[in-house]
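This is start_25.txt (compact mmCIF, C-alpha atoms).
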```txt
# COMPACT_ATOMS: atom_id res chain seq x y z
CA MET A 1 0.00 0.00 0.00
CA ILE A 2 1.22 3.46 -0.85
CA ASN A 3 0.53 5.85 2.04
CA TYR A 4 0.36 9.59 1.65
CA ASP A 5 1.10 12.13 4.37
CA PHE A 6 -2.13 13.56 5.79
CA HIS A 7 -2.31 17.32 6.09
CA ASP A 8 -5.01 19.61 7.43
CA LEU A 9 -6.31 20.97 4.13
CA SER A 10 -9.04 23.07 5.68
CA LYS A 11 -6.59 25.99 5.91
CA ARG A 12 -5.15 25.62 2.42
CA THR A 13 -6.08 27.80 -0.51
CA ASP A 14 -7.85 26.43 -3.59
CA VAL A 15 -4.60 26.75 -5.57
CA GLU A 16 -2.65 24.78 -2.97
CA LEU A 17 -5.35 22.12 -2.86
CA GLU A 18 -5.30 21.74 -6.65
CA GLU A 19 -1.58 21.05 -6.48
CA GLN A 20 -2.21 18.26 -3.96
CA ILE A 21 -4.84 16.52 -6.11
CA ALA A 22 -2.39 15.18 -8.67
CA GLU A 23 -2.88 11.45 -8.07
CA GLY A 24 -6.04 9.47 -8.72
CA PHE A 25 -7.94 7.18 -11.05
CA THR A 26 -10.31 7.31 -14.01
CA PHE A 27 -13.03 4.73 -14.63
CA GLY A 28 -15.67 5.34 -17.26
CA ASP A 29 -16.51 9.04 -17.18
CA TYR A 30 -15.49 9.42 -13.54
CA ASN A 31 -12.14 11.06 -12.83
CA SER A 32 -11.34 11.34 -9.12
CA THR A 33 -9.01 14.32 -9.52
CA GLU A 34 -11.49 16.30 -11.61
CA ASN A 35 -14.08 15.71 -8.89
CA GLY A 36 -11.82 17.26 -6.27
CA MET A 37 -11.05 13.99 -4.49
CA PHE A 38 -7.70 13.78 -2.70
CA LEU A 39 -6.04 10.35 -2.99
CA ILE A 40 -5.18 9.09 0.50
CA SER A 41 -4.06 5.56 -0.31
CA ARG A 42 -3.81 3.01 -3.07
CA ASP A 43 -3.54 -0.72 -2.41
CA ALA A 44 -2.72 -3.15 -5.25
CA PRO A 45 -1.38 -6.40 -3.78
CA THR A 46 -0.21 -9.12 -6.14
CA PRO A 47 -2.90 -11.67 -7.03
CA ASP A 48 -3.14 -15.21 -5.72
CA GLU A 49 -1.76 -17.94 -7.93
CA LYS A 50 -4.03 -20.67 -9.31
CA GLU A 51 -2.08 -23.44 -7.65
CA ILE A 52 -2.36 -27.14 -8.48
CA ILE A 53 -0.70 -28.96 -5.61
CA GLU A 54 -0.69 -32.59 -4.59
CA SER A 55 0.57 -33.86 -1.26
CA VAL A 56 1.78 -37.47 -1.19
CA PRO A 57 1.99 -39.44 2.07
CA TYR A 58 5.50 -40.20 3.31
CA MET A 59 7.02 -37.57 0.98
CA GLN A 60 8.69 -34.37 2.05
CA GLY A 61 6.99 -31.28 0.63
CA VAL A 62 4.44 -31.38 -2.18
CA TYR A 63 4.20 -31.75 -5.93
CA ASP A 64 3.45 -28.41 -7.59
CA PHE A 65 1.92 -28.78 -11.06
CA SER A 66 0.98 -25.09 -11.35
CA THR A 67 3.54 -24.30 -14.06
CA LEU A 68 3.47 -27.44 -16.19
CA ASN A 69 2.10 -25.47 -19.15
CA GLY A 70 5.36 -23.95 -20.39
CA GLY A 71 6.53 -22.80 -16.97
CA GLU A 72 4.14 -19.85 -16.89
CA ARG A 73 2.26 -18.99 -13.69
CA TYR A 74 -1.50 -18.36 -13.71
CA PHE A 75 -3.32 -16.02 -11.37
CA ASP A 76 -6.75 -15.12 -10.04
CA ASN A 77 -8.05 -11.58 -10.36
CA ARG A 78 -6.49 -8.94 -8.15
CA GLN A 79 -8.15 -6.34 -5.93
CA ILE A 80 -7.16 -2.68 -6.37
CA THR A 81 -8.43 -0.34 -3.67
CA TYR A 82 -8.39 3.44 -3.50
CA GLN A 83 -9.33 5.72 -0.64
CA VAL A 84 -10.16 9.24 -1.71
CA MET A 85 -11.34 12.16 0.40
CA LEU A 86 -13.20 15.40 0.01
CA PHE A 87 -12.17 18.13 2.47
CA ASN A 88 -13.82 21.19 3.95
CA GLU A 89 -17.15 20.92 2.08
CA ASP A 90 -20.70 21.39 3.35
CA TYR A 91 -23.09 18.50 3.87
CA GLY A 92 -24.91 18.94 0.56
CA THR A 93 -21.67 18.88 -1.43
CA ARG A 94 -20.44 15.80 0.41
CA LYS A 95 -23.70 13.93 -0.18
CA GLY A 96 -23.60 14.89 -3.85
CA ALA A 97 -20.05 13.59 -4.14
CA GLU A 98 -21.06 10.28 -2.55
CA GLN A 99 -23.96 9.87 -4.95
CA GLU A 100 -21.81 10.63 -7.99
CA ILE A 101 -19.18 8.07 -7.03
CA LYS A 102 -21.77 5.32 -6.67
CA ARG A 103 -23.88 6.40 -9.64
CA GLN A 104 -20.97 6.68 -12.08
CA LEU A 105 -18.87 3.71 -10.96
CA VAL A 106 -21.02 0.84 -9.68
CA PRO A 107 -23.30 0.22 -12.71
CA LEU A 108 -20.37 -0.09 -15.15
CA GLY A 109 -19.22 -3.48 -16.44
CA ILE A 110 -15.63 -4.56 -17.09
CA GLN A 111 -13.64 -1.77 -18.72
CA PRO A 112 -10.31 0.08 -18.46
CA LEU A 113 -9.22 1.52 -15.13
CA TYR A 114 -6.57 4.22 -15.50
CA ASP A 115 -4.31 5.10 -12.58
CA THR A 116 -1.91 8.06 -12.48
CA HIS A 117 0.48 5.77 -10.60
CA ASP A 118 0.86 3.51 -13.67
CA ILE A 119 1.64 5.76 -16.63
CA GLY A 120 1.25 4.01 -19.96
CA PHE A 121 -0.86 1.18 -18.55
CA HIS A 122 -4.44 0.39 -17.64
CA TRP A 123 -6.25 -2.33 -15.75
CA LEU A 124 -9.40 -4.17 -16.82
CA GLY A 125 -12.04 -4.64 -14.16
CA LYS A 126 -15.23 -3.54 -12.48
CA VAL A 127 -16.19 -2.03 -9.14
CA LYS A 128 -16.61 -4.57 -6.36
CA THR A 129 -17.51 -2.33 -3.42
CA VAL A 130 -17.88 1.34 -2.51
CA THR A 131 -17.94 2.34 1.16
CA VAL A 132 -18.29 5.91 2.37
CA GLU A 133 -17.67 7.64 5.70
CA ASP A 134 -18.99 11.14 6.28
CA ASP A 135 -17.56 13.19 9.14
CA ALA A 136 -19.71 16.22 9.89
CA LYS A 137 -17.34 17.43 12.62
CA VAL A 138 -14.52 18.22 10.18
CA ASN A 139 -16.61 18.42 6.97
CA THR A 140 -14.90 15.51 5.20
CA LEU A 141 -16.06 12.62 3.07
CA ALA A 142 -13.93 9.48 2.74
CA ALA A 143 -14.75 6.97 0.00
CA THR A 144 -13.09 3.57 -0.36
CA ILE A 145 -13.50 1.98 -3.80
CA THR A 146 -12.37 -1.58 -4.52
CA PHE A 147 -12.01 -2.83 -8.09
CA ASP A 148 -11.89 -6.49 -9.12
CA CYS A 149 -9.35 -6.58 -11.95
CA TYR A 150 -7.57 -8.83 -14.43
CA PRO A 151 -4.22 -9.74 -12.79
CA PHE A 152 -1.94 -7.97 -15.29
CA ALA A 153 -1.68 -4.31 -16.26
CA ILE A 154 -1.99 -3.79 -20.04
CA THR A 155 -0.12 -1.20 -22.08
CA ASN A 156 -2.30 1.58 -23.49
CA ASN A 157 -0.54 1.48 -26.86
CA ILE A 158 0.52 -1.43 -29.05
CA GLU A 159 4.12 -2.58 -28.86
CA GLY A 160 6.32 -0.55 -31.19
CA SER A 161 4.31 2.66 -30.83
CA ASP A 162 7.06 4.05 -28.57
CA ILE A 163 4.98 6.95 -27.26
CA TRP A 164 7.62 9.04 -25.52
CA ASP A 165 5.55 9.73 -22.39
CA ASP A 166 5.10 5.98 -21.90
CA VAL A 167 8.79 5.06 -22.14
CA PHE A 168 10.24 3.66 -18.90
CA PHE A 169 13.93 3.20 -19.68
CA PRO A 170 14.71 0.62 -16.94
CA HIS A 171 12.17 -1.70 -18.59
CA TRP A 172 11.68 -0.90 -22.26
CA ILE A 173 12.74 -2.01 -25.73
CA PHE A 174 12.47 -0.12 -29.01
CA GLN A 175 11.69 -2.58 -31.78
CA ASP A 176 10.15 -2.81 -35.24
CA THR A 177 6.87 -4.67 -35.42
CA LYS A 178 6.12 -4.10 -39.13
CA TYR A 179 8.17 -5.71 -41.90
CA THR A 180 8.37 -5.65 -45.67
CA VAL A 181 9.05 -9.17 -46.94
CA SER A 182 10.61 -10.12 -50.27
CA GLY A 183 11.88 -13.68 -50.13
CA THR A 184 12.96 -15.06 -46.76
CA GLN A 185 14.17 -13.21 -43.68
CA ALA A 186 14.70 -14.04 -40.03
CA ILE A 187 13.43 -11.61 -37.38
CA LYS A 188 13.33 -11.35 -33.61
CA LEU A 189 10.29 -10.13 -31.70
CA TYR A 190 10.74 -9.34 -28.03
CA ASN A 191 8.01 -9.77 -25.46
CA ILE A 192 9.37 -8.14 -22.32
CA GLY A 193 6.02 -8.52 -20.57
CA SER A 194 5.19 -10.81 -17.65
CA LYS A 195 3.25 -13.41 -19.63
CA SER A 196 2.93 -14.89 -23.10
CA ILE A 197 0.67 -12.86 -25.36
CA GLU A 198 -1.52 -13.48 -28.38
CA CYS A 199 -0.53 -11.51 -31.46
CA GLU A 200 -2.80 -9.94 -34.07
CA LEU A 201 -1.44 -9.91 -37.63
CA VAL A 202 -2.09 -7.35 -40.36
CA VAL A 203 -0.94 -8.65 -43.74
CA SER A 204 -0.76 -7.49 -47.35
CA GLY A 205 0.40 -9.94 -50.01
CA ASN A 206 1.25 -13.58 -49.27
CA ILE A 207 3.47 -14.38 -46.30
CA THR A 208 4.32 -17.48 -44.28
CA VAL A 209 5.35 -17.06 -40.65
CA ALA A 210 7.35 -19.88 -39.08
CA GLY A 211 8.37 -20.33 -35.46
CA GLY A 212 8.14 -22.63 -32.49
CA PHE A 213 4.37 -22.83 -33.02
CA GLY A 214 4.77 -24.20 -36.57
CA ASN A 215 3.90 -22.44 -39.84
CA ILE A 216 1.11 -19.99 -40.61
CA ASP A 217 0.25 -19.23 -44.26
CA LEU A 218 -1.29 -15.78 -44.62
CA THR A 219 -2.86 -13.74 -47.39
CA SER A 220 -3.96 -10.11 -47.24
CA GLY A 221 -6.15 -9.46 -44.21
CA ASN A 222 -6.39 -8.70 -40.53
CA TYR A 223 -5.96 -11.83 -38.37
CA LYS A 224 -7.10 -11.41 -34.79
CA ASP A 225 -7.26 -15.10 -33.86
CA THR A 226 -4.14 -17.04 -34.80
CA GLN A 227 -1.93 -19.70 -33.26
CA LEU A 228 0.86 -17.15 -32.97
CA VAL A 229 1.54 -16.64 -29.27
CA LEU A 230 4.65 -14.69 -28.29
CA ASP A 231 6.53 -16.26 -25.39
CA MET A 232 8.20 -14.11 -22.77
CA GLY A 233 11.61 -12.99 -23.97
CA VAL A 234 12.94 -13.30 -27.52
CA ASN A 235 10.84 -14.94 -30.24
CA ASN A 236 12.74 -16.08 -33.34
CA LEU A 237 10.54 -16.04 -36.45
CA THR A 238 11.12 -16.64 -40.15
CA LEU A 239 9.11 -14.71 -42.75
CA THR A 240 8.77 -16.00 -46.30
CA GLY A 241 6.87 -14.50 -49.26
CA ASN A 242 6.14 -11.07 -50.64
CA GLY A 243 4.23 -8.27 -48.93
CA THR A 244 4.07 -6.58 -45.56
CA ILE A 245 3.23 -7.91 -42.13
CA GLU A 246 2.59 -6.10 -38.85
CA PHE A 247 2.62 -7.82 -35.46
CA ARG A 248 0.18 -6.08 -33.13
CA PHE A 249 0.19 -6.89 -29.43
CA TYR A 250 -0.26 -5.18 -26.10
CA ARG A 251 2.29 -6.02 -23.44
CA GLU A 252 0.95 -7.26 -20.09
CA GLU A 253 2.88 -6.62 -16.90
CA MET A 254 2.76 -7.78 -13.28
CA ILE A 255 3.19 -4.40 -11.59
```
Could you rewrite the structure in this file as structure tokens?
Amino acid sequence: MINYDFHDLSKRTDVELEEQIAEGFTFGDYNSTENGMFLISRDAPTPDEKEIIESVPYMQGVYDFSTLNGGERYFDNRQITYQVMLFNEDYGTRKGAEQEIKRQLVPLGIQPLYDTHDIGFHWLGKVKTVTVEDDAKVNTLAATITFDCYPFAITNNIEGSDIWDDVFFPHWIFQDTKYTVSGTQAIKLYNIGSKSIECELVVSGNITVAGGFGNIDLTSGNYKDTQLVLDMGVNNLTLTGNGTIEFRFYREEMI
């Protein structure tokens, strides 16, 4: 959990308060910062693993079959919880803020959750609970919102877009994802994410893609469902034919 220092904001000016409301989340049309909510805490613990464990009598330890499928770990959804507060507002304003949080967030189905803490990424989920505490003595409203989310954060832009504001140099790779093919050429695609990822293909001409998955013969078109899954790390592929091919995928990260 990320904790933020609590300050008495009742004596601060509107300008000073605006500077403090820099962190928050957006879900649907609701933006916590634009609604004047001060982020107090954010809790995003790692998700539980989907474990497959067998215990055998008279054997030390257990057999763990959780990663038999290529060594990759599989997880349940994760809970992401925010506490936001409204300071120094009258009762009517506080009640209105409570109603807007519930009205705008709870009815929505699974969709992107954007967090200023995770630039360049979003989560996929829906609201699980909203609890509110109103304190008339100090004119504050505290709202705790818990989201039930897919375990991995997903990049906002496809790999290879290299949007400068998204670049995180300690964990980033600049790579081409679109190729012009004339004959046969070997390429490397890097998946620096935390899990294997399905890849959409956009093709013009006639191209065969070969790799550890086998061969895929492609003609002009947009292929959203293919057998091409990029493993974590380097993926060695061979392209044969004439035309262009673009590999479109969104990196998924355990952050």
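Closest approach to Gly109 in chain A among A:Asp166, A:Asp48, A:Asp148, A:Asp134 is made by A:Asp148 (distances from all atoms listed in the file).
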Would you kindly return, as a PyMOL selection string, each protein, DNA or RNA residue with an atom no farther than 12 Å from any atom of Val130 in chain A, considering all atoms listed in the file and excluding same-chain residues fewer than 4 positions away? chain A and resi 81-84+98-107+126+142-148
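The shortest atom-to-atom distance to Met85 in chain A, with all atoms listed in the file taken into account, belongs to A:Gly24 out of A:Pro112, A:Gly61, A:Gly24, A:Pro45.
Nearest to Gly212 in chain A of all the residues A:Thr129, A:Gln227, A:Thr244, A:Gln111 is A:Gln227, counting only C-alpha atoms.
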Contact residues around range 119-124 of chain A with all atoms listed in the file at 7 Å, ignoring same-chain residues under 2 positions, as a PyMOL selection string: chain A and resi 110-117+149-150+153-156+166
Which residue gives the smallest distance to Thr219 in chain A among A:Gly193, A:Gly243, A:Gly205, A:Gly96, with only C-alpha atoms counted? A:Gly205
Contacts of Arg251 in chain A within 12 Å, all atoms listed in the file, excl. fewer than 6 positions in-chain, as JSON, numbers by chain: {"A": [120, 121, 122, 152, 153, 154, 155, 156, 157, 158, 159, 160, 161, 171, 172, 173, 190, 191, 192, 193, 194, 195, 196, 197, 198, 199, 230, 231, 232, 233]}
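Remark: for Gly241 in chain A, the closest of the candidate residues A:Glu89, A:Glu51, A:Glu23, A:Asp217 is A:Asp217 (distances computed over all atoms listed in the file).
You can rank A:Thr140, A:Thr177, A:Asn69, A:Asn77 by their closest distance to Phe247 in chain A using all atoms listed in the file, and at the top of that list sits A:Thr177.
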Sphere at (-3.9, -15.1, -11.8), radius 7 Å, counting all atoms listed in the file: residues as a ChimeraX atom specification: /A:47-50,74-77,151
Atoms kept (C-alpha atoms) for selection, written as an mmCIF file, keeping the file's coordinate frame:
```cif
data_model
loop_
_atom_site.group_PDB
_atom_site.id
_atom_site.type_symbol
_atom_site.label_atom_id
_atom_site.label_comp_id
_atom_site.auth_asym_id
_atom_site.auth_seq_id
_atom_site.Cartn_x
_atom_site.Cartn_y
_atom_site.Cartn_z
ATOM 1 C CA PRO A 47 -2.900 -11.670 -7.030
ATOM 2 C CA ASP A 48 -3.140 -15.210 -5.720
ATOM 3 C CA GLU A 49 -1.760 -17.940 -7.930
ATOM 4 C CA LYS A 50 -4.030 -20.670 -9.310
ATOM 5 C CA TYR A 74 -1.500 -18.360 -13.710
ATOM 6 C CA PHE A 75 -3.320 -16.020 -11.370
ATOM 7 C CA ASP A 76 -6.750 -15.120 -10.040
ATOM 8 C CA ASN A 77 -8.050 -11.580 -10.360
ATOM 9 C CA PRO A 151 -4.220 -9.740 -12.790
#
```
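From CA of Phe174 in chain A back to CA of Asn222 in chain A, the distance works out to 23.7 Å.
Going from CA of Val127 in chain A to CA of Arg73 in chain A covers 25.5 Å.
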